[in-house]
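Student: For reference, the structure I am asking about is given below.
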Amino acid sequence: MIQTVRVSYLSEKKDSYKIRSARVYRLEGIKKKDAEILAQKLFCEPINQVYSLNRPLIKNTSQKVEIAYRPGVMNPEAASIIKSAKDMGIELLAADSSWEYYFFEKISEDEIHERVRKLNLFNETVEYIVKKEPKTLLIRGNVGSTAIVPIRKMTDEELLSLSKDKLFLNLDEMKIVQNYFKKIKRDPTDCELETIAQTWSEHSGHKTFKAKIFVDGKEKTPLIERVKKEALKHNKNIVSAFEDNSGVMDFYEGFAISAKGETHNSPSAIEPYGGAMTGSGGVFRDIVGTGRGGKTLISTDIFCLANPNLPSSKLPSGCLHPKYILKQVVRGVKDYGNRMGIPTNNGSFHFHDDFRAKPTVLVGAYGILPKRYAKKGKPMKGDFIVSIGGRIGRDGIHGATFSSGVMTERTNSVNSQAVQIGNAIEEKRTFDAILEARDRNLISAIQDCGGGGLSSAIGEMGEKTGVTVELKNALLKYQGLSPWEIWLSESQERMILAIPKNRIQEFKKICKKYNVEISVLGKFDGSKKLKVYYSKKLVADLDMKFLHHGLPQRKMIANHSKVIVTRRIAKKNNSLIVSKAQKQWVNIIKKILSHGNVCSKEPIVRLYDHTVQGTNVLSPFSGEEMDGPNDAAVIRPLLDKPYGMVVSHGLNPILNRIDPYWGSIWAATEAISNFTAVGGDYRNASLINNYIWPFPDEESLWSLDQSVDAVVDFMKLLKIPVISGKDSLSSTYKGKNELTIKIPPVLCISVFGKIPDVTKTISSDFKKQNSVICLVGKLDIKGMAGSAYFEVLNRNMATEQFNNIPHVDLKLLPKTLNTIYRGIQTGKILSCHDVSEGGLITAVFEMCVGGNFGAEIYLGRLMGNRADYILFNETAGCFIVEVQNEKIAKKIFKDIPYFILGKTKKEKNITVKKKNETLFRENLEILKKVWQKPMKEIFN
Amino acid sequence: MKPRILVLKADGTNCDEELAFAFKIAGGIPKIIHINDLRSKKENFKNYNILAIPGGFAYGDDIASGKILAGELTSFFSEELKKFIKRKDTLTIGICNGFQVLVRTGLLPFGTIGKMQATLTDNDSGHFECRWINLRIDKNNSCVFLKDLEDQIISYQVAHGEGKFFANNKTLKTIEQSGLVVFRYIDKKGKPTKNYPENPNGSLNAIAGICDPTGRIIGLMPHPERFIFKEHYPNWRRQKIDRPQGLSIFKSMISYIKEVL
């Protein structure tokens, strides 16, 4: 029998509805009197709560609804309840918790259900409305058997239908699988097929990046080869590149720092809260799963979404509304990162309505580890295969293969099981145990159970040695999983380690101390085969060679689009010019400042713990009111040393779409400019590239090829390497009636690097009144396409009718970066901010916000006819810099183009003058309100 | 002799390293100890002078913040804790999640272990809040080690979702009359405030931190261990900072113990 305790929660008002809520605790396997003890001691705090036992909490309303996790979805709270009850001497068989909501008007059941959906109190993907009280909380089931799939005699059509929605392999690949089994004269088990599909998935196999590629008829070096070849030329700081879960570079005093960017787009499209959580959990784990164990220091979050005010009618079927996605991804990042104690202190948002079919959710993580453990570990013959952390459940099946497929309107219903609910505390204690084990040198090798679960982790680790695995030893959340499900199910909170036989007892002790569950699954055995058993019955028996090298290199064709898009070049005197009226100028500026890409994200940052670990030395926001945004994160990874790590990023999907080469150059330049603007030294930086691209048809592959060339050229230019990267080539949506949406291609470049002294870094807020404001670098003022300015002028995305996006002056860039770096080192530069979305006037405005100063700007000779182009141009690689006086400016910028824009002022106005004539003047506080409003409205 | 500090760790504790570091800089010998090592008797409270419970999300803050860890402490360590807090050469501090734990064990406000008399509940704003706020250390408060800092204004960072101090009128009155309030959220004019965001959670009487009647147990929501260097403060580049204001607390604790020892 189940005892049910209900505890009143806060009485509150949601929107205009009066609602009361209660927590419901269901307890199985104990007597009523024990439930009463738990109610009094554990669940209810009489200072502000009341409880009821086995009866409703509120008598005079029948208007209630209970929302619980679906059976089988892991509720992280259940384990805590069982633990705490046990601490009090009460042994539970099972426990669950859920929410109950009470309404005080006469409304029907249907109306209640409608209301909880509307108020986002109910998430159908993982929760359900409890209509009948459960009789038991235990999930039982019979173990599914292992099926033999008669692949040898299948027709092409049958092969394709087997692949669809499940294996996501194409016909050629299916035929290779078929031939392999014809050759060994037997049919495969389901477990074997799933293993092959997972290993060969785009997610795990990166088939496009490795493919033989023909661009406009000519063969070019495969994409990944191009990146690697150039990168390895610049190896002064490289410790490990392209061979581990993250890229590792040298730090100081025997330490190395590492970085990784990871996307989680498909799950976030279906269940943004869980998707963002597992995205965070997944990338933190990549840092811990680097070398023989790393520590995660900070995290970054980058989201591309449709505008939050998108009319619902424009939403393709099967897709969630961007405002809902926005709120939920932020909540996911907050709940996971904060619980892990990993500060989220850098990130950005990009809004474009073509993200309506699928958002881009990119999480970055950065870590540190002793150099002696920084190289990828190798399992030794005889080492145990050890699984630690979260148990295996049915959630998390098919993540790798699913995220490699194109999203369709059916995705939401067919693949909902691919969403896991993250359990940050599970991951946290697992990491704690790993770091202690690493410091005692117990770990030969480590791998995560992300895309593809045990299959990918053990399959990869055992590639050279071969493995024998007994699945019966795996710890399950509940019984009833088939062997292939146990083998394939993913979790952010489970890690696989190779532990030497003679150290296993010591390792088990550490796990016990941290309350981490452990199971020994098998051995690295030297057989060069993958042998998987369930209860001693062989369920998979594959050659490692076939599994890892059986997939032939793809041949892929890239072609410049044959459809010629008529694009106009923005002319010098076209009709976009802003009138002379001050009011018009101010209106335009207000529109730009409230544009999603430009507006203040402070309400979001305040939800993230951005300084836990005590390493932060440059906050996301600083200044007089702590509301001026900074360009990058600076942390002190070793608390007792002055050394710094600087982290930044850059991307611009719209520029990428208009011009993949120069758009990619822009992204990389923006990233390194952000890095430099706070005091980073680009010569001691490394890059991470993440490609989130539409499905690689000929046209999209062509743009991807362009983008990769841009990254290679960028490395060449600055002589610094890309050391890690990831591709996700499934940003295509196929809906009803042939509706195809190609999501704008995203190249995100992240930069991280080392500096010897954190005290030689700066923030963006203006420091003094009457100091000199300079523009440093060269604006490409003809390149206005893709700017926020063009977008606010032409709401209907007319921006892309122009193809002249800003070109960065590549010859000048290294010099500019070096000058800024030296200016900061010598203390001559008081504050600095790079020019990006919203143009130079936005940069000046943000520096005024931080400094609580006004500014007076003279456009003078800079202006020509187009003050608007000067003020709103978004050429990356340009900086707004504050120095004490003109003499200093003249001295430090003597080798590069610069222009004295004006001065900071005590009066809090932003004034722009054309020689003596005032173009406009507006009060800083008024502009600040406009800039802060959009996210305040959504998040407060 | 250097005071020894037990920095308590459980599943989900995540401010332990910086807290231990703060004590080290302040001149103590900190050790991060997992609660399972106390349960297995490998470690014992009696070997330490300061018990420090760090921030984080102990056991995920399931059921209520700090609840499960508080339950574990009262279930297994009631007697040991009673002995520990009786010793004149000990201090106890809980920061953020640690404060929530101390309140839920009953150690704060009145040192009644096993009997909870006040609570820290959801922020009035309904959400987690990470920002720097200003505090004033109450005049004539009962805390034994903050005499030199009384009436001073300090800036610390808060980072929590459940920090609203709440108690019934009678309890609140006793707390005030006994001088148990140590820290209060203040506005720009230096006055205690109810207003968001200066008071980030809506705490009654703007209470940010309290002590017990002995003045040797203290808890606060803001994070002094995140202001150990001047560079911790976001505006160190524009304001002159005489001393890292978080470090003062740890130094005072260390000097207090040294005097008593």
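A note on labels: chains of the structure tokens are A, B, ... as shown, every chain counts residues from 1, and ligands are counted from 1 in their shown order.
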Find the residues near region 783-787 of chain A: any atom within 7 Å, counting only C-alpha atoms, skip ones fewer than 2 places away on the same chain, and give them as a short mmCIF file (atom, residue, chain, number, x, y, z; two decimals) with N, CA and C atoms, in the first residue's frame.
Tutor:
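Ended up saving to part27.cif:
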data_model
loop_
_atom_site.label_atom_id
_atom_site.label_comp_id
_atom_site.auth_asym_id
_atom_site.auth_seq_id
_atom_site.Cartn_x
_atom_site.Cartn_y
_atom_site.Cartn_z
N ILE A 654 23.26 34.83 -39.69
CA ILE A 654 22.70 35.51 -40.87
C ILE A 654 23.80 35.88 -41.86
N LEU A 655 24.92 36.37 -41.33
CA LEU A 655 26.04 36.65 -42.23
C LEU A 655 26.52 35.36 -42.89
N ASP A 780 34.24 48.52 -42.64
CA ASP A 780 33.92 48.32 -44.05
C ASP A 780 32.50 48.83 -44.25
N ILE A 781 32.39 50.16 -44.48
CA ILE A 781 31.06 50.74 -44.37
C ILE A 781 30.12 50.38 -45.52
N TYR A 789 20.73 47.11 -38.06
CA TYR A 789 20.17 48.33 -38.65
C TYR A 789 19.28 48.01 -39.84
N PHE A 790 19.80 47.20 -40.76
CA PHE A 790 18.99 46.83 -41.92
C PHE A 790 17.77 46.04 -41.49
N GLU A 791 17.95 45.24 -40.49
CA GLU A 791 16.81 44.42 -40.08
C GLU A 791 15.70 45.28 -39.47
N THR A 799 17.04 42.18 -45.23
CA THR A 799 18.49 42.25 -45.05
C THR A 799 19.23 41.37 -46.02
N GLU A 800 18.63 40.22 -46.31
CA GLU A 800 19.39 39.27 -47.11
C GLU A 800 19.30 39.54 -48.61
N PHE A 802 20.63 41.98 -49.74
CA PHE A 802 21.94 42.57 -49.99
C PHE A 802 23.00 41.53 -49.64
N ASN A 803 24.01 41.43 -50.45
CA ASN A 803 24.99 40.41 -50.11
C ASN A 803 26.34 40.98 -49.69
N ASN A 804 26.39 42.30 -49.58
CA ASN A 804 27.68 42.86 -49.18
C ASN A 804 27.77 42.95 -47.66
N ILE A 805 28.19 41.86 -47.08
CA ILE A 805 28.38 41.87 -45.63
C ILE A 805 29.76 42.44 -45.33
N PRO A 806 29.98 42.88 -44.10
CA PRO A 806 31.28 43.51 -43.81
C PRO A 806 32.44 42.53 -43.98
N HIS A 807 33.46 42.97 -44.70
CA HIS A 807 34.67 42.17 -44.86
C HIS A 807 35.71 42.69 -43.86
N GLU A 837 27.24 43.49 -33.14
CA GLU A 837 25.84 43.75 -33.49
C GLU A 837 25.36 45.08 -32.89
N ASN A 873 27.35 50.25 -38.61
CA ASN A 873 28.11 49.22 -39.28
C ASN A 873 28.68 48.21 -38.27
N GLU A 874 28.72 46.96 -38.68
CA GLU A 874 29.08 45.91 -37.72
C GLU A 874 30.37 45.17 -38.09
#
Student: Do you know which residues are at most 8 Å from region 904-917 of chain A counting only C-alpha atoms, after dropping those on the same chain fewer than 6 positions away, and could you put them as a list in words?
Tutor: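 These residues fall inside the cut-off: Phe766, Lys768, Gln769, Asn770, Ser771, Val772, Ile773, Phe845, Cys848, Asn852, Phe853, Gly854, Ala855, Glu856, Ile857, Tyr858, Leu859, Gly860, Met863, Asn923, Leu924 and Glu925 of chain A.
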Student: Restricted to C-alpha atoms, what would the selected residues look like written as a PDB file, in the first residue's frame?
Tutor:
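Listing of out_15.pdb after writing:
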ATOM      1  CA  PHE A 766      34.003  53.922 -19.210  1.00  0.00           C
ATOM      2  CA  LYS A 768      36.607  58.550 -16.318  1.00  0.00           C
ATOM      3  CA  GLN A 769      34.904  61.680 -17.446  1.00  0.00           C
ATOM      4  CA  ASN A 770      36.382  63.739 -20.257  1.00  0.00           C
ATOM      5  CA  SER A 771      38.594  60.914 -21.401  1.00  0.00           C
ATOM      6  CA  VAL A 772      39.007  60.272 -25.098  1.00  0.00           C
ATOM      7  CA  ILE A 773      36.917  57.760 -27.019  1.00  0.00           C
ATOM      8  CA  PHE A 845      26.205  53.197 -25.429  1.00  0.00           C
ATOM      9  CA  CYS A 848      28.301  54.591 -21.076  1.00  0.00           C
ATOM     10  CA  ASN A 852      27.333  55.858 -15.817  1.00  0.00           C
ATOM     11  CA  PHE A 853      28.682  58.576 -18.070  1.00  0.00           C
ATOM     12  CA  GLY A 854      27.435  60.290 -21.177  1.00  0.00           C
ATOM     13  CA  ALA A 855      29.400  60.644 -24.390  1.00  0.00           C
ATOM     14  CA  GLU A 856      29.800  63.268 -27.048  1.00  0.00           C
ATOM     15  CA  ILE A 857      30.704  61.906 -30.458  1.00  0.00           C
ATOM     16  CA  TYR A 858      31.867  63.900 -33.485  1.00  0.00           C
ATOM     17  CA  LEU A 859      31.721  62.092 -36.758  1.00  0.00           C
ATOM     18  CA  GLY A 860      33.684  64.762 -38.577  1.00  0.00           C
ATOM     19  CA  MET A 863      31.176  60.597 -41.968  1.00  0.00           C
ATOM     20  CA  ASN A 923      19.319  60.686 -22.343  1.00  0.00           C
ATOM     21  CA  LEU A 924      21.246  57.593 -21.304  1.00  0.00           C
ATOM     22  CA  GLU A 925      18.657  56.448 -18.776  1.00  0.00           C
TER      23      GLU A 925
END
Student: For CA of Asp631 (chain A) and CA of Asn674 (chain A), determine how far apart the two atoms are, in Å to one decimal place.
Tutor: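 If I compute the distance from CA of Asp631 (chain A) to CA of Asn674 (chain A), I get 4.9 Å.
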Student: Which residues are near Gly215 (chain B)? Cut-off 7 Å, only C-alpha atoms, ignore same chain within fewer than 3 positions. Put them as a VMD selection string.
Tutor: chain B and resid 142 to 144 211 to 212
Student: Looking only at the backbone, which of the residues in region 788-866 of chain A does DSSP tag as alpha helix (DSSP H), as a PyMOL selection string?
Tutor: chain A and resi 788-793+813-825+839-851
Student: Write out, as a short mmCIF file (atom, residue, chain, number, x, y, z; two decimals), in the first residue's frame, the residues just selected, with C-alpha atoms.
Tutor:
data_model
loop_
_atom_site.label_atom_id
_atom_site.label_comp_id
_atom_site.auth_asym_id
_atom_site.auth_seq_id
_atom_site.Cartn_x
_atom_site.Cartn_y
_atom_site.Cartn_z
CA ALA A 788 20.66 44.94 -37.00
CA TYR A 789 20.17 48.33 -38.65
CA PHE A 790 18.99 46.83 -41.92
CA GLU A 791 16.81 44.42 -40.08
CA VAL A 792 14.97 47.07 -38.08
CA LEU A 793 14.52 49.15 -41.21
CA LEU A 813 43.76 42.36 -37.98
CA PRO A 814 46.90 40.90 -36.31
CA LYS A 815 48.32 44.40 -35.91
CA THR A 816 45.12 45.74 -34.39
CA LEU A 817 44.86 42.83 -31.96
CA ASN A 818 48.45 43.28 -30.92
CA THR A 819 48.04 47.01 -30.39
CA ILE A 820 44.98 46.53 -28.20
CA TYR A 821 46.73 43.83 -26.20
CA ARG A 822 49.78 46.03 -25.57
CA GLY A 823 47.63 49.02 -24.73
CA ILE A 824 45.90 46.99 -22.06
CA GLN A 825 49.14 45.49 -20.74
CA GLY A 839 27.47 48.91 -34.50
CA LEU A 840 29.77 51.44 -32.89
CA ILE A 841 27.00 53.50 -31.35
CA THR A 842 25.78 50.43 -29.48
CA ALA A 843 29.30 49.77 -28.21
CA VAL A 844 29.65 53.38 -27.03
CA PHE A 845 26.21 53.20 -25.43
CA GLU A 846 27.05 50.02 -23.52
CA MET A 847 30.29 51.55 -22.26
CA CYS A 848 28.30 54.59 -21.08
CA VAL A 849 25.87 52.30 -19.25
CA GLY A 850 28.70 50.64 -17.35
CA GLY A 851 30.48 53.89 -16.60
#
Student: I'd like the neighbourhood of Phe76 (chain B) as a PyMOL selection string, where a residue qualifies if any of its atoms comes within 9 Å (using only C-alpha atoms), though same-chain residues fewer than 5 positions away should be ignored.
Tutor: (chain A and resi 87-88) or (chain B and resi 39+71)
Student: Give me, as a VMD selection string, the residues of chain A touching chain B, with the criterion being at most 8 Å (counting only C-alpha atoms).
Tutor: chain A and resid 42 to 43 47 77 80 to 81 84 87 to 88 339 to 341 424 to 425 428 to 429 513 to 515 605 to 619 621 to 624 626 639 759 762 to 763 767 940
Student: Between CA of Phe103 (chain A) and CA of Lys131 (chain A), measure the distance and give it in Å to one decimal.
Tutor: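 Here the two named atoms are 16.4 Å from each other.
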Student: Apply DSSP to the structure's backbone, then extract all residues of region 678-794 of chain A labelled strand (DSSP E or B) and return them as an MDAnalysis selection string.
Tutor: chainID A and resid 685:692 722:728 732:734 740:742 746:755 772:776
Student: Calculated over only C-alpha atoms, which of the candidates B:Glu198, B:Asp187, B:Asp89, B:Asp242 has the smallest distance to Ser255 (chain B)?
Tutor: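 For Ser255 (chain B), the nearest of the candidates is B:Asp89.
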Student: So which residues touch Asn49 (chain B) within 8 Å, counting only C-alpha atoms, skipping near sequence neighbours fewer than 5 positions away, as a PyMOL selection string?
Tutor: chain B and resi 3-6+89-91+257
